[in-house]
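data.txt follows (compact mmCIF, C-alpha atoms and all ligand atoms):
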# COMPACT_ATOMS: atom_id res chain seq x y z
CA MET A 1 0.83 276.60 135.18
CA LYS A 2 4.17 274.89 135.78
CA ASN A 3 5.44 271.39 135.14
CA THR A 4 7.16 269.98 138.23
CA PHE A 5 10.02 267.54 137.96
CA GLY A 6 13.47 267.49 138.92
CA GLY A 7 17.08 267.62 139.49
CA ASN A 8 20.21 268.67 137.69
CA TRP A 9 19.56 266.24 134.90
CA THR A 10 16.48 268.23 133.85
CA GLU A 11 18.76 271.22 133.38
CA ALA A 12 21.42 269.11 131.64
CA LYS A 13 18.86 267.68 129.23
CA MET A 14 17.60 271.16 128.33
CA GLU A 15 21.16 272.44 127.87
CA ILE A 16 21.91 269.55 125.53
CA ILE A 17 18.89 270.08 123.30
CA VAL A 18 19.36 273.87 123.19
CA ALA A 19 23.09 273.57 122.39
CA TYR A 20 22.26 271.06 119.68
CA ALA A 21 19.49 273.28 118.26
CA LYS A 22 21.90 276.23 118.00
CA ALA A 23 24.50 274.14 116.16
CA TYR A 24 21.73 272.70 113.96
CA LEU A 25 20.53 276.18 112.99
CA VAL A 26 24.09 277.25 112.12
CA ILE A 27 24.21 274.42 109.58
CA MET A 28 20.68 275.01 108.33
CA SER A 29 21.31 278.73 107.88
CA LYS A 30 23.76 277.74 105.12
CA GLN A 31 21.13 275.61 103.36
CA ALA A 32 19.01 278.35 101.80
CA TRP A 33 16.60 275.82 100.23
CA ALA A 34 15.64 274.21 103.54
CA LYS A 35 12.80 275.16 105.87
CA THR A 36 13.21 274.14 109.50
CA ILE A 37 10.66 272.74 111.94
CA TYR A 38 11.13 272.22 115.66
CA PHE A 39 8.82 269.41 116.79
CA ASP A 40 8.30 268.93 120.53
CA GLY A 41 6.19 265.86 121.30
CA PHE A 42 5.80 266.43 125.08
CA ALA A 43 5.94 270.19 125.24
CA GLY A 44 4.74 271.06 128.76
CA SER A 45 3.65 274.58 129.74
CA GLY A 46 6.92 276.36 129.02
CA LEU A 47 7.76 276.79 132.70
CA ILE A 48 9.35 274.27 135.03
CA GLU A 49 9.45 274.09 138.80
CA VAL A 50 12.57 272.03 139.47
CA ASP A 51 12.57 269.82 142.59
CA GLY A 52 14.43 271.39 145.47
CA ARG A 53 14.43 274.88 143.98
CA GLU A 54 12.22 277.80 144.84
CA ASP A 55 12.25 279.49 141.50
CA VAL A 56 10.62 278.58 138.24
CA VAL A 57 12.80 278.14 135.18
CA LYS A 58 12.03 278.26 131.49
CA GLY A 59 11.25 274.88 129.96
CA THR A 60 12.74 273.66 126.71
CA SER A 61 9.97 275.05 124.52
CA LEU A 62 10.63 278.66 125.57
CA ARG A 63 14.42 278.19 125.46
CA ILE A 64 14.09 277.01 121.87
CA LEU A 65 11.85 279.99 121.04
CA ASP A 66 14.55 282.24 122.53
CA ILE A 67 17.08 281.21 119.88
CA LEU A 68 17.49 284.06 117.37
CA GLU A 69 21.07 283.56 116.14
CA PRO A 70 22.04 282.48 113.56
CA LYS A 71 18.30 282.27 112.88
CA PRO A 72 15.13 281.05 114.54
CA PHE A 73 13.28 277.93 113.33
CA ASP A 74 10.82 278.62 110.52
CA THR A 75 8.07 276.65 112.28
CA TYR A 76 7.50 275.35 115.80
CA TYR A 77 5.13 272.49 116.51
CA PHE A 78 4.34 271.78 120.15
CA VAL A 79 2.30 268.76 121.16
CA GLU A 80 0.81 268.58 124.65
CA LYS A 81 -1.85 266.07 125.68
CA ASP A 82 -3.16 267.95 128.71
CA GLU A 83 -5.59 270.68 127.62
CA LYS A 84 -4.83 273.04 130.55
CA ILE A 85 -1.06 272.72 130.04
CA LYS A 86 -1.48 273.26 126.31
CA ILE A 87 -3.41 276.50 126.97
CA ALA A 88 -0.73 277.64 129.42
CA LEU A 89 1.96 277.18 126.76
CA GLU A 90 -0.16 279.00 124.19
CA ASN A 91 -0.60 281.92 126.59
CA ASN A 92 3.10 281.97 127.35
CA ILE A 93 3.89 282.24 123.66
CA LYS A 94 1.20 284.86 123.05
CA THR A 95 2.49 287.03 125.90
CA ASN A 96 6.24 286.61 125.56
CA TYR A 97 6.81 285.75 121.89
CA PRO A 98 4.12 287.71 119.99
CA ASP A 99 6.27 287.86 116.85
CA LYS A 100 6.57 284.05 116.83
CA GLU A 101 2.88 283.33 117.49
CA LYS A 102 1.92 282.76 113.89
CA ASN A 103 4.72 280.22 113.32
CA ALA A 104 4.28 278.43 116.65
CA HIS A 105 1.54 275.81 116.63
CA VAL A 106 0.40 274.30 119.91
CA VAL A 107 -1.85 271.26 119.65
CA CYS A 108 -3.63 269.17 122.24
CA GLU A 109 -3.00 265.59 121.13
CA ASP A 110 -1.13 262.41 121.87
CA CYS A 111 2.48 262.59 120.69
CA ASN A 112 2.14 259.29 118.78
CA VAL A 113 -0.60 260.71 116.56
CA LYS A 114 1.48 263.76 115.71
CA LEU A 115 4.72 261.83 115.13
CA VAL A 116 2.92 259.89 112.40
CA ALA A 117 1.41 263.13 111.03
CA MET A 118 4.87 264.69 110.94
CA ALA A 119 6.29 261.65 109.14
CA ASN A 120 3.59 262.07 106.48
CA PHE A 121 4.31 265.80 106.24
CA LEU A 122 8.08 265.28 105.82
CA THR A 123 7.45 262.61 103.18
CA ARG A 124 5.35 265.05 101.13
CA ASN A 125 7.45 268.17 101.75
CA LYS A 126 11.04 267.39 100.86
CA SER A 127 12.30 270.92 101.49
CA PHE A 128 11.54 270.65 105.23
CA ARG A 129 14.04 269.50 107.84
CA ALA A 130 12.96 268.77 111.40
CA LEU A 131 14.55 268.69 114.81
CA GLY A 132 12.43 266.53 117.11
CA PHE A 133 12.45 266.35 120.90
CA ILE A 134 10.64 263.52 122.66
CA ASP A 135 10.60 264.05 126.41
CA PRO A 136 7.99 261.75 127.95
CA TYR A 137 7.45 260.82 131.60
CA GLY A 138 7.09 257.11 130.88
CA MET A 139 6.87 254.55 128.09
CA SER A 140 4.23 256.43 126.13
CA VAL A 141 5.96 256.52 122.74
CA ASN A 142 5.07 253.50 120.64
CA TRP A 143 7.73 251.94 118.47
CA ASP A 144 5.29 251.99 115.59
CA SER A 145 5.29 255.83 115.64
CA ILE A 146 9.10 256.03 115.63
CA SER A 147 9.34 253.52 112.77
CA LYS A 148 7.32 255.86 110.51
CA LEU A 149 10.29 258.28 110.50
CA LYS A 150 12.47 255.95 108.43
CA GLY A 151 14.49 257.71 105.74
CA LEU A 152 13.21 261.19 106.60
CA GLY A 153 15.04 264.46 107.23
CA ILE A 154 14.67 264.55 110.98
CA ASP A 155 17.15 264.56 113.85
CA LEU A 156 15.35 263.05 116.82
CA TRP A 157 16.37 263.49 120.45
CA ILE A 158 14.62 260.97 122.62
CA LEU A 159 14.53 260.39 126.35
CA VAL A 160 14.31 256.63 126.88
CA PRO A 161 13.02 255.53 130.31
CA THR A 162 15.42 252.61 130.68
CA GLY A 163 15.59 252.50 134.48
CA LEU A 164 12.26 254.14 135.29
CA GLY A 165 10.35 252.25 132.59
CA ILE A 166 11.75 249.16 130.88
CA ASN A 167 13.71 247.75 133.82
CA ARG A 168 10.75 248.04 136.18
CA LEU A 169 8.71 245.73 133.97
CA LEU A 170 11.43 243.09 133.81
CA LYS A 171 10.69 240.88 136.82
CA ASN A 172 13.71 239.08 138.28
CA ASN A 173 12.20 235.62 137.79
CA GLY A 174 11.02 236.38 134.24
CA GLU A 175 7.36 236.03 135.19
CA ILE A 176 6.11 239.19 133.54
CA SER A 177 2.37 239.83 133.42
CA GLU A 178 0.59 239.85 130.06
CA ALA A 179 -0.12 243.60 130.36
CA TRP A 180 3.58 244.38 130.95
CA LEU A 181 4.69 242.12 128.10
CA LEU A 182 2.31 243.93 125.77
CA LYS A 183 3.68 247.27 126.99
CA LEU A 184 7.29 246.15 126.37
CA GLU A 185 6.39 244.82 122.91
CA LYS A 186 4.65 248.05 121.95
CA PHE A 187 7.47 250.21 123.26
CA LEU A 188 10.35 248.24 121.73
CA GLY A 189 8.63 246.95 118.60
CA LEU A 190 9.87 243.44 119.37
CA GLY A 191 8.21 240.13 120.16
CA ARG A 192 8.28 238.75 123.70
CA GLU A 193 10.77 236.00 122.85
CA GLU A 194 13.29 238.52 121.49
CA ILE A 195 12.77 240.65 124.59
CA ARG A 196 13.25 237.66 126.90
CA ASN A 197 16.38 236.58 125.01
CA HIS A 198 17.90 240.02 125.44
CA PHE A 199 17.25 240.39 129.15
CA TYR A 200 17.18 236.86 130.58
CA LYS A 201 19.34 233.78 130.50
CA THR A 202 17.82 230.36 130.66
CA GLN A 203 19.61 227.43 132.21
CA ILE A 204 18.59 223.78 132.30
CA VAL A 205 19.72 222.15 135.56
CA ASN A 206 19.50 218.57 136.76
CA THR A 207 17.80 218.29 140.12
CA LEU A 208 16.73 215.43 142.32
CA PHE A 209 13.37 215.41 140.54
CA GLY A 210 14.72 215.70 136.98
CA GLU A 211 15.54 218.65 134.70
CA GLU A 212 14.43 222.13 135.65
CA THR A 213 14.57 225.35 133.66
CA LEU A 214 15.96 228.33 135.56
CA VAL A 215 15.26 231.81 134.27
CA ASN A 216 17.46 234.64 135.55
CA LYS A 217 17.56 238.30 134.70
CA GLU A 218 20.88 239.35 133.16
CA LYS A 219 23.14 241.75 135.08
CA SER A 220 23.08 245.45 134.09
CA THR A 221 19.65 245.25 132.48
CA VAL A 222 19.31 249.04 132.51
CA ILE A 223 22.48 249.41 130.44
CA LYS A 224 21.26 246.58 128.20
CA ALA A 225 17.94 248.42 127.79
CA GLY A 226 19.83 251.51 126.58
CA GLU A 227 21.85 249.39 124.15
CA LEU A 228 18.72 247.70 122.87
CA TYR A 229 16.88 250.97 122.26
CA LYS A 230 19.92 252.28 120.42
CA GLN A 231 19.93 249.15 118.23
CA ARG A 232 16.21 249.63 117.56
CA LEU A 233 16.76 253.27 116.53
CA ASN A 234 19.53 252.07 114.22
CA THR A 235 16.95 250.08 112.25
CA VAL A 236 15.16 253.35 111.40
CA PHE A 237 18.02 255.87 111.35
CA LYS A 238 21.54 255.53 109.96
CA PHE A 239 23.21 256.92 113.08
CA VAL A 240 22.49 257.06 116.81
CA SER A 241 24.54 259.14 119.24
CA GLU A 242 26.17 257.99 122.43
CA PRO A 243 23.64 258.20 125.24
CA PHE A 244 23.66 260.81 127.95
CA ILE A 245 22.88 258.68 130.99
CA MET A 246 20.78 260.30 133.68
CA ARG A 247 21.06 259.06 137.27
CA ASN A 248 19.16 259.93 140.42
CA LYS A 249 20.66 260.96 143.75
CA THR A 250 21.36 257.33 144.68
CA ASN A 251 23.23 256.84 141.39
CA SER A 252 20.59 254.61 139.80
CA ILE A 253 20.04 255.10 136.08
CA MET A 254 16.67 256.60 135.23
CA TYR A 255 16.94 257.51 131.56
CA HIS A 256 19.16 257.27 128.50
CA PHE A 257 18.95 260.41 126.33
CA MET A 258 20.12 259.95 122.73
CA MET A 259 19.83 261.38 119.24
CA ALA A 260 19.01 259.55 116.01
CA THR A 261 19.70 260.96 112.54
CA ASN A 262 20.49 260.07 108.94
CA ASN A 263 23.20 262.70 108.75
CA SER A 264 26.80 261.97 109.81
CA SER A 265 27.61 265.62 110.64
CA ALA A 266 24.56 265.75 112.90
CA LEU A 267 25.83 262.66 114.71
CA GLN A 268 29.19 264.30 115.30
CA ILE A 269 27.56 267.42 116.72
CA ALA A 270 25.30 265.40 119.02
CA ASN A 271 28.24 263.44 120.41
CA ASP A 272 30.22 266.65 120.91
CA VAL A 273 27.33 268.24 122.80
CA ILE A 274 26.87 265.18 125.00
CA LYS A 275 30.59 264.56 125.66
CA PRO A 276 31.16 267.05 128.50
CA LYS A 277 28.11 265.63 130.29
CA TYR A 278 28.57 262.00 129.36
CA LYS A 279 29.73 260.20 132.49
CA GLU A 280 29.85 256.44 131.74
C1 LIG B 1 8.36 265.98 131.06
S1 LIG B 1 7.03 267.05 130.69
C2 LIG B 1 7.66 268.04 129.41
C3 LIG B 1 8.73 269.02 129.74
C4 LIG B 1 9.23 269.77 128.55
N1 LIG B 1 9.70 268.89 127.49
C5 LIG B 1 10.32 270.74 128.94
O1 LIG B 1 11.51 270.41 128.81
O2 LIG B 1 9.99 271.84 129.36
C6 LIG B 1 5.95 266.01 129.83
C7 LIG B 1 4.65 266.66 129.32
O3 LIG B 1 4.08 265.77 128.36
C8 LIG B 1 2.65 265.75 128.52
N2 LIG B 1 2.21 264.44 128.01
C9 LIG B 1 2.09 263.27 128.70
N3 LIG B 1 1.76 262.26 127.87
C10 LIG B 1 1.68 262.79 126.63
C11 LIG B 1 1.41 262.25 125.34
N4 LIG B 1 1.14 260.94 125.18
N5 LIG B 1 1.46 263.07 124.27
C12 LIG B 1 1.75 264.40 124.43
N6 LIG B 1 2.00 264.98 125.63
C13 LIG B 1 1.96 264.19 126.71
C14 LIG B 1 2.43 265.98 130.00
O4 LIG B 1 1.15 266.57 130.21
C15 LIG B 1 3.58 266.91 130.38
O5 LIG B 1 3.20 268.26 130.31

In structure tokens, how does this file's structure come out?
Amino acid sequence: MKNTFGGNWTEAKMEIIVAYAKAYLVIMSKQAWAKTIYFDGFAGSGLIEVDGREDVVKGTSLRILDILEPKPFDTYYFVEKDEKIKIALENNIKTNYPDKEKNAHVVCEDCNVKLVAMANFLTRNKSFRALGFIDPYGMSVNWDSISKLKGLGIDLWILVPTGLGINRLLKNNGEISEAWLLKLEKFLGLGREEIRNHFYKTQIVNTLFGEETLVNKEKSTVIKAGELYKQRLNTVFKFVSEPFIMRNKTNSIMYHFMMATNNSSALQIANDVIKPKYKE
């Protein structure tokens, strides 16, 4: 089984996380006391069919398992909600990484459940350090799950659907349905008034029939969505990297990809890895 999605940005995203993981393991190999976990919240099958290409390429999970130098991760934890895809990843690992099988856990669950479980694990086990990768299709990661990571030893790379998710729910006239408001609140961990204040400006105008309130969406709401998510991450983590901004063929922004950490050296590495690809 293959996951299908596409474009150069898929490759760029995988290159970023793999380059970061290698640099991370160089640092961790000097910390003899620390045990490392790679946590992938949206793991996929391990194989990707990229749009517009005939061949199948390795997904992030297998590329991370390929890292041997300076050392592999001590533990791998892959979360995949779709049972068939989860089994495909398990089989891939069994066949191609038999020596890693006992340290590579593949679970069929919602990422939110396992983010909270990982937060509890890291709270109890202070000698563990985690590198997390959150690569969802949509707005399926709840702010509540991210907030549980406060103060813990995890570097978290997260793909934020700013253009494909948040911006699509922000109607131009501000008349957002109750379901979409609830979705935005759950995703951002903010109340609807704070969300409105960030993305809309309100103007009182005098008309023939008295005062009227005009609500208009701010310009560059996708960029503002990226800035807002970065601010939100900064309430949980000390540092958040610059975003790698992913655009589609028509140059519209789809995602902001960023890393959150409590470690200043980790921040530096993340920004260095992103820099050559960072286009804004
Ligand atoms: C974008 S793909 C993952 C690609 C993978 N990260 C890679 O680079 O190879 C997203 C995967 O997440 C799974 N998924 C969707 N919602 C999920 C959820 N709430 N929790 C865990 N997995 C989920 C999908 O079945 C799909 O296989």

List all protein, DNA and RNA residues that have any atom at most 6 Å from ligand LIG 1 (chain B), counting only C-alpha atoms and all ligand atoms, and write the list as a PyMOL selection string. chain A and resi 41-44+46+59-61+79-82+109-111+135-137+140

Which of A:Met118, A:Ile269, A:Leu89, A:Val236 sits closest to Ser45 of chain A [using all atoms listed in the file]: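 For Ser45 of chain A, the nearest of the given residues is A:Leu89.
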
Could you give me, as a tab-separated table, a per-residue list for segment 126-198 of chain A showing, wherever an atom lies at most 8 Å from an atom of segment 246-268 of chain A, the closest pair of atoms and their distance in Å to one decimal, using all atoms listed in the file and sorting by chain then residue number from low to high?
residue	atom	partner	partner_atom	distance
A:Gly151	CA	A:Asn262	CA	7.2
A:Leu152	CA	A:Asn262	CA	7.7
A:Gly153	CA	A:Asn262	CA	7.2
A:Ile154	CA	A:Thr261	CA	6.4
A:Asp155	CA	A:Thr261	CA	4.6
A:Leu156	CA	A:Ala260	CA	5.1
A:Trp157	CA	A:Met259	CA	4.2
A:Ile158	CA	A:Met258	CA	5.6
A:Leu159	CA	A:Phe257	CA	4.4
A:Val160	CA	A:His256	CA	5.2
A:Pro161	CA	A:Tyr255	CA	4.6
A:Thr162	CA	A:Tyr255	CA	5.2
A:Gly163	CA	A:Met254	CA	4.3
A:Leu164	CA	A:Met254	CA	5.1

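Comparing A:Ala117, A:Ile27, A:Leu182, A:Leu149 by their smallest distance to Phe237 of chain A, the closest is A:Leu149 (using all atoms listed in the file).
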
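Each of A:Ile87, A:Leu47, A:Ile223, A:Ala130 was checked against Leu62 of chain A using all atoms listed in the file; the smallest atom-to-atom distance is that of A:Leu47.
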
Report as an NGL selection string all protein, DNA and RNA residues lying within 12 Å of Asn91 of chain A, evaluated on all atoms listed in the file, omitting residues in the same chain fewer than 2 positions from it. :A and (1 or 45-47 or 62 or 84-89 or 93-98 or 101 or 104-106)

Selection near segment 28-40 of chain A, 6 Å with all atoms listed in the file, sequence-local residues under 2 positions removed, as an MDAnalysis selection string: chainID A and resid 25:26 42:43 73:78 127:133

Which is closest to Asn103 of chain A among A:Glu90, A:Asp144, A:Glu193, A:Asp272, if we use only C-alpha atoms? A:Glu90

Between atom CA of Val107 of chain A and atom CA of Ala119 of chain A - distance in Å to one decimal: 16.4 Å

Ala225 of chain A surroundings by all atoms listed in the file, 12 Å radius, close-in-sequence under 3 positions cut, as number ranges by chain: A: 160-170, 184, 187-188, 195-196, 198-200, 218-222, 228-232, 243, 245, 253-256

Please define a box with edges along x, y and z of the file around all atoms of segment 99-108 of chain A given in the file, extend it by 4 Å on each side, and return its centre and edge lengths in Å to one decimal, as AutoDock Vina command-line options.
--center_x 1.5 --center_y 278.5 --center_z 117.8 --size_x 18.2 --size_y 26.7 --size_z 16.9
